[in-house]
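Single-structure report; data block below.
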Amino acid sequence: MANRWTNTLRERDVTPEGVYLNRRQMIAGAAGLGLIGGAGAAQAQDDALEPNSWEDITSYNNYYEFGTDKGDPARYADALTIEPWSVRIDGMVDKPGDYAFDEIMAKMSVEERLYRFRCVEAWSMVVPWNGFELADLLNLAGVQSGAKYVAFETVLRPDEMPGVRYPVLDWPYVEGLRLDEAMHPLTIMATGIYGRDIPNQNGAPLRLIVPWKYGFKSIKSVVRITLTDKEPPTSWNKANAREYGFYSNVNPEVDHPRWSQATERRIGGGLFSPRIPTQMFNGYGDEVAALYEGMDLTQKF
Ligand SMILES: Nc1nc2c(c(=O)[nH]1)N[C@H]1C(S)=C(S)[C@@H](COP(=O)(O)O)O[C@H]1N2
Ligand SMILES: [Mo]
């Protein structure tokens with residue numbers, strides 16, 4: 001059960017903007033409401049966690065397969081065919097195979113997670129995701145004892161993705177996590193936002209969300225998940241290893257070689273709103289710092 005982490009969720013945020021909950025995400029809203037007032041309510045909030053508007057979240061995006069302008073994904077991602085969809089889960093699992101999206105959804109319990117989201121470019125948002133814990137999906141496939149890492153891959157469809165004709169990245173977009181990071185209860189596969197199906201520009205029909213890491217770790221439109229015993233290659237690290245490490249935990253003390261990571265610009269705050277301090281592990285240190293005990297985070301960045 002996920003209610004250990006309800007400190008990330010507040011009642012008034014469950015259905016802001018009066019959005020209609022559709023069937024697929026309905027469970028999410030219900031689960032969310034059921035979880036209110038649990039242990040998390042007592043936990044102090046470091047900030048108000050005001051969610052960004054649907055408009056902000058769905059119009060200011062990074063999804064380079066559709067272009068590098070922040071408006072490109074909203075402009076072009078509708079062309080992506082998301083039905084039917086399946087995720088190949090392979091490598092070191094007991095039950096490798098193609099898992100149909102609808103079958104996955106029938107087995108997973110979707111809930112609302114209100115998370116900070118911090119891009120390595122030093123802007124941020126707060127997003128009310130709907131999703132399920134990645135651990136539940138991995139357990140469905142049966143992780144074998146030798147597995148140490150999880151590799152992820154985004155769909156690659158040149159006919160539907162105008163951005164992939166440019167060699168900005170080595171397509172398909174790939175990402176990876178250490179197994180303990182992937183199994184952490186904060187790590188989810190998001191399938192909705194504000195109780196609605198996740199829009200294509202945000203990574204439909206399902207994308208990874210790792211709230212304590214820079215946004216580029218949260219790979220979109222996942223078609224393959226591979227359990228492995230070797231650290232998998234990741235797109236931004238392949239593009240520039242000096243600037244983007246495998247871990248990419250949000251860390252205000254480790255600057256990007258070309259800019260400071262000490263502060264961030266919260267999207268939606270207006271042109272003259274002050275920058276806000278960036279928090280270690282994006283504010284999730286109580287939950288995740290133990291994963292990195294004894295590691296030098298300036299070297300393993
Ligand atoms: N496949 C894929 N996943 C991706 C990206 C991308 O270009 N392609 N961009 C990443 C980056 S840099 C960020 S900040 C987030 C943006 O997510 P959002 O558009 O939902 O805010 O998606 C991440 N996942
Ligand atoms: Mo990003």
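Labels for the structure tokens follow display order: chains A, B, ..., residues from 1 in each chain, ligands from 1.
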
Using only C-alpha atoms and all ligand atoms, which residues of the polymer chains come no farther than 6 Å from ligand 1? I'd like the answer as a list in words. Asn61, Asn62, Tyr63, Tyr64, Glu65, Cys119, Thr154, Tyr173, Asn202, Gly215, Phe216, Ser218, Ile219 and Lys220 of chain A

Suppose we keep N, CA and C atoms; can you now write the selection as a JSON list (two decimals), in the first residue's frame?
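Done, and the output landed in part.json:
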```json
[["chain", "number", "residue", "atom", "x", "y", "z"],
["A", 61, "ASN", "N", 6.43, 21.95, -22.21],
["A", 61, "ASN", "CA", 6.92, 20.56, -22.10],
["A", 61, "ASN", "C", 8.28, 20.35, -22.73],
["A", 62, "ASN", "N", 8.95, 19.32, -22.25],
["A", 62, "ASN", "CA", 10.13, 18.77, -22.94],
["A", 62, "ASN", "C", 9.77, 17.38, -23.41],
["A", 63, "TYR", "N", 9.75, 17.21, -24.73],
["A", 63, "TYR", "CA", 9.54, 15.89, -25.34],
["A", 63, "TYR", "C", 10.16, 16.05, -26.73],
["A", 64, "TYR", "N", 11.51, 15.88, -26.74],
["A", 64, "TYR", "CA", 12.29, 16.27, -27.92],
["A", 64, "TYR", "C", 11.95, 15.49, -29.18],
["A", 65, "GLU", "N", 11.31, 14.32, -29.03],
["A", 65, "GLU", "CA", 10.88, 13.58, -30.21],
["A", 65, "GLU", "C", 9.89, 14.41, -31.04],
["A", 119, "CYS", "N", 13.01, 20.30, -13.44],
["A", 119, "CYS", "CA", 13.82, 20.06, -14.64],
["A", 119, "CYS", "C", 15.25, 20.51, -14.38],
["A", 154, "THR", "N", 11.64, 4.70, -24.70],
["A", 154, "THR", "CA", 10.47, 5.39, -25.26],
["A", 154, "THR", "C", 10.18, 4.86, -26.64],
["A", 173, "TYR", "N", 14.83, 7.46, -27.06],
["A", 173, "TYR", "CA", 15.16, 7.99, -25.74],
["A", 173, "TYR", "C", 15.21, 6.81, -24.76],
["A", 202, "ASN", "N", 2.68, 14.93, -22.45],
["A", 202, "ASN", "CA", 3.26, 14.59, -21.15],
["A", 202, "ASN", "C", 3.71, 13.14, -21.06],
["A", 215, "GLY", "N", 14.10, 16.12, -14.15],
["A", 215, "GLY", "CA", 12.98, 15.69, -14.99],
["A", 215, "GLY", "C", 13.35, 14.76, -16.12],
["A", 216, "PHE", "N", 14.58, 14.86, -16.64],
["A", 216, "PHE", "CA", 14.90, 14.02, -17.81],
["A", 216, "PHE", "C", 14.96, 12.53, -17.47],
["A", 218, "SER", "N", 12.60, 11.11, -15.97],
["A", 218, "SER", "CA", 11.20, 10.68, -16.02],
["A", 218, "SER", "C", 10.77, 10.46, -17.47],
["A", 219, "ILE", "N", 11.20, 9.36, -18.03],
["A", 219, "ILE", "CA", 11.06, 9.03, -19.44],
["A", 219, "ILE", "C", 9.59, 8.81, -19.82],
["A", 220, "LYS", "N", 9.25, 9.34, -21.01],
["A", 220, "LYS", "CA", 7.85, 9.34, -21.47],
["A", 220, "LYS", "C", 7.52, 8.15, -22.37]]
```

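Every protein or nucleic acid residue with an atom no more than 10 Å from Glu175 of chain A, counting only C-alpha atoms and leaving out same-chain residues fewer than 6 positions away, appears here: Val150, Ala151, Phe152, Glu153, Thr154, Leu208, Phe216, Lys217, Ser218, Ile219, Lys220, Val222, Ile225, Pro232, Pro233, Thr234, Ser235, Trp236, Asn237 and Phe246 of chain A.
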
Give me every strand (DSSP E) residue in segment 133-270 of chain A, going by DSSP on the backbone, as an mmCIF file with all heavy atoms, in the first residue's frame.
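And here is the file that came out, selection.cif:
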```
data_model
loop_
_atom_site.group_PDB
_atom_site.id
_atom_site.type_symbol
_atom_site.label_atom_id
_atom_site.label_comp_id
_atom_site.auth_asym_id
_atom_site.auth_seq_id
_atom_site.Cartn_x
_atom_site.Cartn_y
_atom_site.Cartn_z
ATOM 1 N N GLU A 133 2.458 2.445 -8.629
ATOM 2 C CA GLU A 133 3.853 2.261 -8.259
ATOM 3 C C GLU A 133 4.547 1.328 -9.243
ATOM 4 O O GLU A 133 4.032 0.240 -9.555
ATOM 5 C CB GLU A 133 3.958 1.718 -6.825
ATOM 6 C CG GLU A 133 3.493 2.748 -5.813
ATOM 7 C CD GLU A 133 3.719 2.335 -4.369
ATOM 8 O OE1 GLU A 133 4.463 1.368 -4.117
ATOM 9 O OE2 GLU A 133 3.139 3.001 -3.496
ATOM 10 N N TYR A 149 19.545 -3.261 -12.015
ATOM 11 C CA TYR A 149 19.127 -2.016 -12.677
ATOM 12 C C TYR A 149 17.891 -2.253 -13.518
ATOM 13 O O TYR A 149 17.585 -3.395 -13.885
ATOM 14 C CB TYR A 149 20.241 -1.496 -13.594
ATOM 15 C CG TYR A 149 21.495 -1.076 -12.869
ATOM 16 C CD1 TYR A 149 22.518 -1.993 -12.643
ATOM 17 C CD2 TYR A 149 21.637 0.228 -12.397
ATOM 18 C CE1 TYR A 149 23.678 -1.614 -11.985
ATOM 19 C CE2 TYR A 149 22.788 0.609 -11.725
ATOM 20 C CZ TYR A 149 23.807 -0.313 -11.520
ATOM 21 O OH TYR A 149 24.937 0.072 -10.855
ATOM 22 N N VAL A 150 17.215 -1.134 -13.829
ATOM 23 C CA VAL A 150 16.067 -1.192 -14.728
ATOM 24 C C VAL A 150 16.290 -0.195 -15.860
ATOM 25 O O VAL A 150 16.593 0.979 -15.613
ATOM 26 C CB VAL A 150 14.755 -0.837 -13.985
ATOM 27 C CG1 VAL A 150 13.555 -1.063 -14.900
ATOM 28 C CG2 VAL A 150 14.613 -1.647 -12.707
ATOM 29 N N ALA A 151 16.185 -0.676 -17.087
ATOM 30 C CA ALA A 151 16.336 0.180 -18.265
ATOM 31 C C ALA A 151 14.962 0.437 -18.878
ATOM 32 O O ALA A 151 14.103 -0.444 -18.888
ATOM 33 C CB ALA A 151 17.245 -0.504 -19.290
ATOM 34 N N PHE A 152 14.778 1.672 -19.365
ATOM 35 C CA PHE A 152 13.496 2.068 -19.956
ATOM 36 C C PHE A 152 13.731 2.609 -21.359
ATOM 37 O O PHE A 152 14.772 3.219 -21.629
ATOM 38 C CB PHE A 152 12.839 3.183 -19.131
ATOM 39 C CG PHE A 152 12.626 2.847 -17.686
ATOM 40 C CD1 PHE A 152 13.649 3.011 -16.760
ATOM 41 C CD2 PHE A 152 11.401 2.369 -17.246
ATOM 42 C CE1 PHE A 152 13.457 2.714 -15.422
ATOM 43 C CE2 PHE A 152 11.199 2.060 -15.914
ATOM 44 C CZ PHE A 152 12.231 2.231 -14.991
ATOM 45 N N GLU A 153 12.736 2.424 -22.217
ATOM 46 C CA GLU A 153 12.839 2.919 -23.588
ATOM 47 C C GLU A 153 11.523 3.559 -24.015
ATOM 48 O O GLU A 153 10.449 3.021 -23.743
ATOM 49 C CB GLU A 153 13.172 1.729 -24.498
ATOM 50 C CG GLU A 153 13.595 2.088 -25.888
ATOM 51 C CD GLU A 153 14.007 0.837 -26.673
ATOM 52 O OE1 GLU A 153 14.872 0.058 -26.177
ATOM 53 O OE2 GLU A 153 13.444 0.622 -27.748
ATOM 54 N N THR A 154 11.636 4.705 -24.696
ATOM 55 C CA THR A 154 10.466 5.394 -25.255
ATOM 56 C C THR A 154 10.177 4.858 -26.644
ATOM 57 O O THR A 154 11.083 4.446 -27.367
ATOM 58 C CB THR A 154 10.755 6.910 -25.339
ATOM 59 O OG1 THR A 154 10.860 7.444 -24.018
ATOM 60 C CG2 THR A 154 9.652 7.670 -26.075
ATOM 61 N N VAL A 174 16.305 6.716 -24.019
ATOM 62 C CA VAL A 174 16.433 5.631 -23.033
ATOM 63 C C VAL A 174 16.803 6.214 -21.667
ATOM 64 O O VAL A 174 17.432 7.269 -21.574
ATOM 65 C CB VAL A 174 17.489 4.583 -23.454
ATOM 66 C CG1 VAL A 174 17.020 3.784 -24.665
ATOM 67 C CG2 VAL A 174 18.839 5.231 -23.723
ATOM 68 N N GLU A 175 16.397 5.524 -20.633
ATOM 69 C CA GLU A 175 16.710 5.952 -19.264
ATOM 70 C C GLU A 175 16.946 4.730 -18.404
ATOM 71 O O GLU A 175 16.760 3.596 -18.868
ATOM 72 C CB GLU A 175 15.569 6.807 -18.683
ATOM 73 C CG GLU A 175 15.882 8.303 -18.661
ATOM 74 C CD GLU A 175 17.203 8.611 -17.925
ATOM 75 O OE1 GLU A 175 17.609 7.828 -17.059
ATOM 76 O OE2 GLU A 175 17.834 9.633 -18.232
ATOM 77 N N GLY A 176 17.362 4.973 -17.172
ATOM 78 C CA GLY A 176 17.614 3.849 -16.291
ATOM 79 C C GLY A 176 17.604 4.250 -14.836
ATOM 80 O O GLY A 176 17.798 5.422 -14.488
ATOM 81 N N LEU A 177 17.333 3.278 -13.997
ATOM 82 C CA LEU A 177 17.363 3.466 -12.548
ATOM 83 C C LEU A 177 18.070 2.275 -11.928
ATOM 84 O O LEU A 177 18.089 1.182 -12.509
ATOM 85 C CB LEU A 177 15.929 3.520 -11.972
ATOM 86 C CG LEU A 177 15.036 4.695 -12.363
ATOM 87 C CD1 LEU A 177 13.626 4.448 -11.832
ATOM 88 C CD2 LEU A 177 15.592 6.021 -11.828
ATOM 89 N N ARG A 178 18.637 2.485 -10.758
ATOM 90 C CA ARG A 178 19.083 1.357 -9.971
ATOM 91 C C ARG A 178 17.818 0.644 -9.481
ATOM 92 O O ARG A 178 16.777 1.281 -9.289
ATOM 93 C CB ARG A 178 19.910 1.881 -8.784
ATOM 94 C CG ARG A 178 21.162 1.110 -8.473
ATOM 95 C CD ARG A 178 22.027 1.868 -7.490
ATOM 96 N NE ARG A 178 21.270 2.233 -6.279
ATOM 97 C CZ ARG A 178 21.733 3.039 -5.337
ATOM 98 N NH1 ARG A 178 22.955 3.556 -5.436
ATOM 99 N NH2 ARG A 178 21.004 3.332 -4.287
ATOM 100 N N ILE A 188 6.738 6.191 -9.590
ATOM 101 C CA ILE A 188 5.473 5.746 -10.203
ATOM 102 C C ILE A 188 5.544 5.739 -11.729
ATOM 103 O O ILE A 188 6.426 6.354 -12.337
ATOM 104 C CB ILE A 188 4.273 6.636 -9.772
ATOM 105 C CG1 ILE A 188 4.473 8.100 -10.200
ATOM 106 C CG2 ILE A 188 4.047 6.531 -8.269
ATOM 107 C CD1 ILE A 188 3.219 8.964 -10.085
ATOM 108 N N MET A 189 4.614 5.025 -12.313
ATOM 109 C CA MET A 189 4.316 5.160 -13.725
ATOM 110 C C MET A 189 3.051 6.005 -13.778
ATOM 111 O O MET A 189 1.997 5.598 -13.273
ATOM 112 C CB MET A 189 4.085 3.802 -14.394
ATOM 113 C CG MET A 189 5.296 2.884 -14.400
ATOM 114 S SD MET A 189 6.773 3.557 -15.220
ATOM 115 C CE MET A 189 6.226 3.630 -16.923
ATOM 116 N N ALA A 190 3.157 7.192 -14.358
ATOM 117 C CA ALA A 190 2.014 8.102 -14.393
ATOM 118 C C ALA A 190 1.162 7.820 -15.630
ATOM 119 O O ALA A 190 1.683 7.641 -16.733
ATOM 120 C CB ALA A 190 2.483 9.549 -14.397
ATOM 121 N N THR A 191 -0.145 7.782 -15.413
ATOM 122 C CA THR A 191 -1.101 7.531 -16.497
ATOM 123 C C THR A 191 -2.144 8.640 -16.599
ATOM 124 O O THR A 191 -2.990 8.613 -17.484
ATOM 125 C CB THR A 191 -1.839 6.199 -16.249
ATOM 126 O OG1 THR A 191 -2.453 6.240 -14.948
ATOM 127 C CG2 THR A 191 -0.857 5.028 -16.293
ATOM 128 N N GLY A 192 -2.073 9.598 -15.685
ATOM 129 C CA GLY A 192 -3.047 10.678 -15.686
ATOM 130 C C GLY A 192 -2.502 11.929 -15.026
ATOM 131 O O GLY A 192 -1.438 11.909 -14.380
ATOM 132 N N ILE A 193 -3.221 13.021 -15.244
ATOM 133 C CA ILE A 193 -2.943 14.296 -14.587
ATOM 134 C C ILE A 193 -4.302 14.905 -14.252
ATOM 135 O O ILE A 193 -5.196 14.903 -15.115
ATOM 136 C CB ILE A 193 -2.163 15.259 -15.513
ATOM 137 C CG1 ILE A 193 -0.778 14.696 -15.835
ATOM 138 C CG2 ILE A 193 -2.037 16.649 -14.884
ATOM 139 C CD1 ILE A 193 -0.015 15.491 -16.906
ATOM 140 N N ARG A 196 -7.446 13.075 -15.336
ATOM 141 C CA ARG A 196 -7.718 12.791 -16.754
ATOM 142 C C ARG A 196 -6.567 11.974 -17.310
ATOM 143 O O ARG A 196 -5.469 12.000 -16.778
ATOM 144 C CB ARG A 196 -7.842 14.108 -17.528
ATOM 145 C CG ARG A 196 -9.008 14.941 -17.060
ATOM 146 C CD ARG A 196 -8.752 16.420 -17.229
ATOM 147 N NE ARG A 196 -8.736 16.862 -18.629
ATOM 148 C CZ ARG A 196 -8.960 18.106 -19.010
ATOM 149 N NH1 ARG A 196 -9.250 19.043 -18.114
ATOM 150 N NH2 ARG A 196 -8.895 18.447 -20.279
ATOM 151 N N ASP A 197 -6.813 11.259 -18.421
ATOM 152 C CA ASP A 197 -5.723 10.525 -19.053
ATOM 153 C C ASP A 197 -4.574 11.477 -19.342
ATOM 154 O O ASP A 197 -4.785 12.622 -19.752
ATOM 155 C CB ASP A 197 -6.190 9.895 -20.372
ATOM 156 C CG ASP A 197 -7.070 8.679 -20.133
ATOM 157 O OD1 ASP A 197 -7.099 8.173 -18.992
ATOM 158 O OD2 ASP A 197 -7.729 8.240 -21.094
ATOM 159 N N ARG A 207 4.202 7.025 -18.411
ATOM 160 C CA ARG A 207 5.576 7.509 -18.320
ATOM 161 C C ARG A 207 6.048 7.387 -16.877
ATOM 162 O O ARG A 207 5.265 7.384 -15.933
ATOM 163 C CB ARG A 207 5.677 8.944 -18.829
ATOM 164 C CG ARG A 207 4.846 10.005 -18.119
ATOM 165 C CD ARG A 207 5.531 10.735 -16.982
ATOM 166 N NE ARG A 207 6.715 11.458 -17.289
ATOM 167 C CZ ARG A 207 6.732 12.752 -17.628
ATOM 168 N NH1 ARG A 207 5.604 13.421 -17.707
ATOM 169 N NH2 ARG A 207 7.869 13.358 -17.848
ATOM 170 N N LEU A 208 7.372 7.287 -16.765
ATOM 171 C CA LEU A 208 7.995 7.188 -15.458
ATOM 172 C C LEU A 208 7.966 8.548 -14.753
ATOM 173 O O LEU A 208 8.110 9.586 -15.411
ATOM 174 C CB LEU A 208 9.445 6.742 -15.656
ATOM 175 C CG LEU A 208 10.318 6.546 -14.429
ATOM 176 C CD1 LEU A 208 9.849 5.340 -13.616
ATOM 177 C CD2 LEU A 208 11.788 6.360 -14.847
ATOM 178 N N ILE A 209 7.792 8.540 -13.429
ATOM 179 C CA ILE A 209 7.982 9.749 -12.625
ATOM 180 C C ILE A 209 8.834 9.392 -11.405
ATOM 181 O O ILE A 209 8.464 8.536 -10.596
ATOM 182 C CB ILE A 209 6.628 10.356 -12.165
ATOM 183 C CG1 ILE A 209 5.864 10.951 -13.347
ATOM 184 C CG2 ILE A 209 6.849 11.437 -11.096
ATOM 185 C CD1 ILE A 209 6.510 12.157 -14.020
ATOM 186 N N VAL A 222 6.573 4.972 -22.427
ATOM 187 C CA VAL A 222 7.468 3.813 -22.272
ATOM 188 C C VAL A 222 6.923 2.586 -23.009
ATOM 189 O O VAL A 222 5.755 2.219 -22.860
ATOM 190 C CB VAL A 222 7.655 3.505 -20.765
ATOM 191 C CG1 VAL A 222 8.396 2.189 -20.561
ATOM 192 C CG2 VAL A 222 8.398 4.658 -20.085
ATOM 193 N N VAL A 223 7.787 1.955 -23.821
ATOM 194 C CA VAL A 223 7.395 0.722 -24.513
ATOM 195 C C VAL A 223 8.227 -0.483 -24.085
ATOM 196 O O VAL A 223 7.922 -1.608 -24.463
ATOM 197 C CB VAL A 223 7.493 0.837 -26.053
ATOM 198 C CG1 VAL A 223 6.373 1.729 -26.597
ATOM 199 C CG2 VAL A 223 8.863 1.335 -26.491
ATOM 200 N N ARG A 224 9.295 -0.224 -23.333
ATOM 201 C CA ARG A 224 10.128 -1.359 -22.945
ATOM 202 C C ARG A 224 10.775 -1.108 -21.589
ATOM 203 O O ARG A 224 11.273 -0.007 -21.322
ATOM 204 C CB ARG A 224 11.209 -1.587 -23.987
ATOM 205 C CG ARG A 224 11.985 -2.861 -23.756
ATOM 206 C CD ARG A 224 12.881 -3.166 -24.931
ATOM 207 N NE ARG A 224 13.608 -4.409 -24.699
ATOM 208 C CZ ARG A 224 14.622 -4.826 -25.450
ATOM 209 N NH1 ARG A 224 15.024 -4.098 -26.486
ATOM 210 N NH2 ARG A 224 15.215 -5.952 -25.168
ATOM 211 N N ILE A 225 10.751 -2.127 -20.763
ATOM 212 C CA ILE A 225 11.370 -2.087 -19.435
ATOM 213 C C ILE A 225 12.215 -3.357 -19.310
ATOM 214 O O ILE A 225 11.689 -4.461 -19.426
ATOM 215 C CB ILE A 225 10.301 -2.039 -18.318
ATOM 216 C CG1 ILE A 225 9.431 -0.770 -18.460
ATOM 217 C CG2 ILE A 225 10.950 -2.100 -16.940
ATOM 218 C CD1 ILE A 225 8.288 -0.676 -17.448
ATOM 219 N N THR A 226 13.505 -3.177 -19.119
ATOM 220 C CA THR A 226 14.414 -4.325 -19.098
ATOM 221 C C THR A 226 15.163 -4.396 -17.773
ATOM 222 O O THR A 226 15.815 -3.432 -17.370
ATOM 223 C CB THR A 226 15.442 -4.204 -20.252
ATOM 224 O OG1 THR A 226 14.739 -4.024 -21.482
ATOM 225 C CG2 THR A 226 16.319 -5.451 -20.340
ATOM 226 N N LEU A 227 15.068 -5.538 -17.106
ATOM 227 C CA LEU A 227 15.813 -5.762 -15.871
ATOM 228 C C LEU A 227 17.189 -6.306 -16.234
ATOM 229 O O LEU A 227 17.306 -7.226 -17.038
ATOM 230 C CB LEU A 227 15.061 -6.747 -14.968
ATOM 231 C CG LEU A 227 13.886 -6.208 -14.145
ATOM 232 C CD1 LEU A 227 14.383 -5.318 -13.012
ATOM 233 C CD2 LEU A 227 12.844 -5.473 -14.962
ATOM 234 N N THR A 228 18.213 -5.713 -15.638
ATOM 235 C CA THR A 228 19.580 -6.060 -16.031
ATOM 236 C C THR A 228 20.513 -6.000 -14.823
ATOM 237 O O THR A 228 20.159 -5.454 -13.774
ATOM 238 C CB THR A 228 20.062 -5.083 -17.154
ATOM 239 O OG1 THR A 228 21.485 -5.111 -17.214
ATOM 240 C CG2 THR A 228 19.644 -3.658 -16.868
ATOM 241 N N THR A 263 18.777 27.439 -7.175
ATOM 242 C CA THR A 263 17.404 27.948 -7.173
ATOM 243 C C THR A 263 16.691 27.505 -8.441
ATOM 244 O O THR A 263 17.310 26.987 -9.369
ATOM 245 C CB THR A 263 17.365 29.492 -7.110
ATOM 246 O OG1 THR A 263 17.981 30.014 -8.301
ATOM 247 C CG2 THR A 263 18.079 30.020 -5.886
ATOM 248 N N GLU A 264 15.390 27.727 -8.457
ATOM 249 C CA GLU A 264 14.574 27.331 -9.609
ATOM 250 C C GLU A 264 13.461 28.341 -9.853
ATOM 251 O O GLU A 264 13.096 29.102 -8.954
ATOM 252 C CB GLU A 264 13.985 25.931 -9.382
ATOM 253 C CG GLU A 264 13.018 25.870 -8.206
ATOM 254 C CD GLU A 264 12.809 24.451 -7.671
ATOM 255 O OE1 GLU A 264 13.814 23.783 -7.339
ATOM 256 O OE2 GLU A 264 11.638 24.038 -7.561
ATOM 257 N N ARG A 265 12.957 28.319 -11.057
ATOM 258 C CA ARG A 265 11.840 29.197 -11.439
ATOM 259 C C ARG A 265 10.573 28.349 -11.505
ATOM 260 O O ARG A 265 10.488 27.410 -12.284
ATOM 261 C CB ARG A 265 12.136 29.810 -12.817
ATOM 262 C CG ARG A 265 11.055 30.674 -13.396
ATOM 263 C CD ARG A 265 11.548 31.333 -14.688
ATOM 264 N NE ARG A 265 11.857 30.349 -15.727
ATOM 265 C CZ ARG A 265 11.010 29.980 -16.699
ATOM 266 N NH1 ARG A 265 9.796 30.518 -16.755
ATOM 267 N NH2 ARG A 265 11.374 29.104 -17.613
ATOM 268 N N ARG A 266 9.638 28.636 -10.628
ATOM 269 C CA ARG A 266 8.376 27.890 -10.625
ATOM 270 C C ARG A 266 7.500 28.410 -11.755
ATOM 271 O O ARG A 266 7.154 29.585 -11.786
ATOM 272 C CB ARG A 266 7.693 28.050 -9.264
ATOM 273 C CG ARG A 266 6.432 27.260 -9.005
ATOM 274 C CD ARG A 266 6.548 25.758 -9.090
ATOM 275 N NE ARG A 266 7.493 25.042 -8.249
ATOM 276 C CZ ARG A 266 7.286 24.676 -6.978
ATOM 277 N NH1 ARG A 266 6.180 24.970 -6.361
ATOM 278 N NH2 ARG A 266 8.204 23.981 -6.321
#
```

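Closest approach to Pro172 of chain A from the set A:Leu186, A:Leu134, A:Leu156, A:Ala77 is made by A:Leu156, with distances taken over only C-alpha atoms.
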
Just checking: using only C-alpha atoms, which residue out of A:Ala241, A:Ala262, A:Ile198, A:Ala79 ends up closest to Arg157 of chain A? A:Ala79

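The coordinates place atom CA of Phe66 of chain A at 5.2 Å from atom CA of Met161 of chain A.
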
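Within the 10 Å cut-off around Ser145 of chain A, using only C-alpha atoms and omitting residues fewer than 6 positions from it on the same chain, the listed residues are Met92, Val93 and Asp229 of chain A.
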
Generate a file of the selected residues that holds all heavy atoms, formatted as an mmCIF file, in the first residue's frame.
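Output file result27.cif is given in full below:
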```
data_model
loop_
_atom_site.group_PDB
_atom_site.id
_atom_site.type_symbol
_atom_site.label_atom_id
_atom_site.label_comp_id
_atom_site.auth_asym_id
_atom_site.auth_seq_id
_atom_site.Cartn_x
_atom_site.Cartn_y
_atom_site.Cartn_z
ATOM 1 N N MET A 92 15.958 -9.779 -16.873
ATOM 2 C CA MET A 92 15.996 -10.671 -15.715
ATOM 3 C C MET A 92 14.671 -10.677 -14.950
ATOM 4 O O MET A 92 14.579 -10.210 -13.803
ATOM 5 C CB MET A 92 17.173 -10.288 -14.822
ATOM 6 C CG MET A 92 18.497 -10.302 -15.621
ATOM 7 S SD MET A 92 19.922 -9.687 -14.708
ATOM 8 C CE MET A 92 20.318 -11.125 -13.737
ATOM 9 N N VAL A 93 13.634 -11.201 -15.621
ATOM 10 C CA VAL A 93 12.312 -11.337 -15.000
ATOM 11 C C VAL A 93 11.800 -12.760 -15.222
ATOM 12 O O VAL A 93 12.169 -13.424 -16.195
ATOM 13 C CB VAL A 93 11.279 -10.333 -15.574
ATOM 14 C CG1 VAL A 93 11.614 -8.914 -15.134
ATOM 15 C CG2 VAL A 93 11.208 -10.418 -17.097
ATOM 16 N N ASP A 229 21.713 -6.558 -14.988
ATOM 17 C CA ASP A 229 22.676 -6.479 -13.886
ATOM 18 C C ASP A 229 23.751 -5.424 -14.162
ATOM 19 O O ASP A 229 24.716 -5.312 -13.403
ATOM 20 C CB ASP A 229 23.303 -7.852 -13.594
ATOM 21 C CG ASP A 229 23.971 -8.457 -14.817
ATOM 22 O OD1 ASP A 229 23.956 -7.809 -15.892
ATOM 23 O OD2 ASP A 229 24.493 -9.583 -14.705
#
```
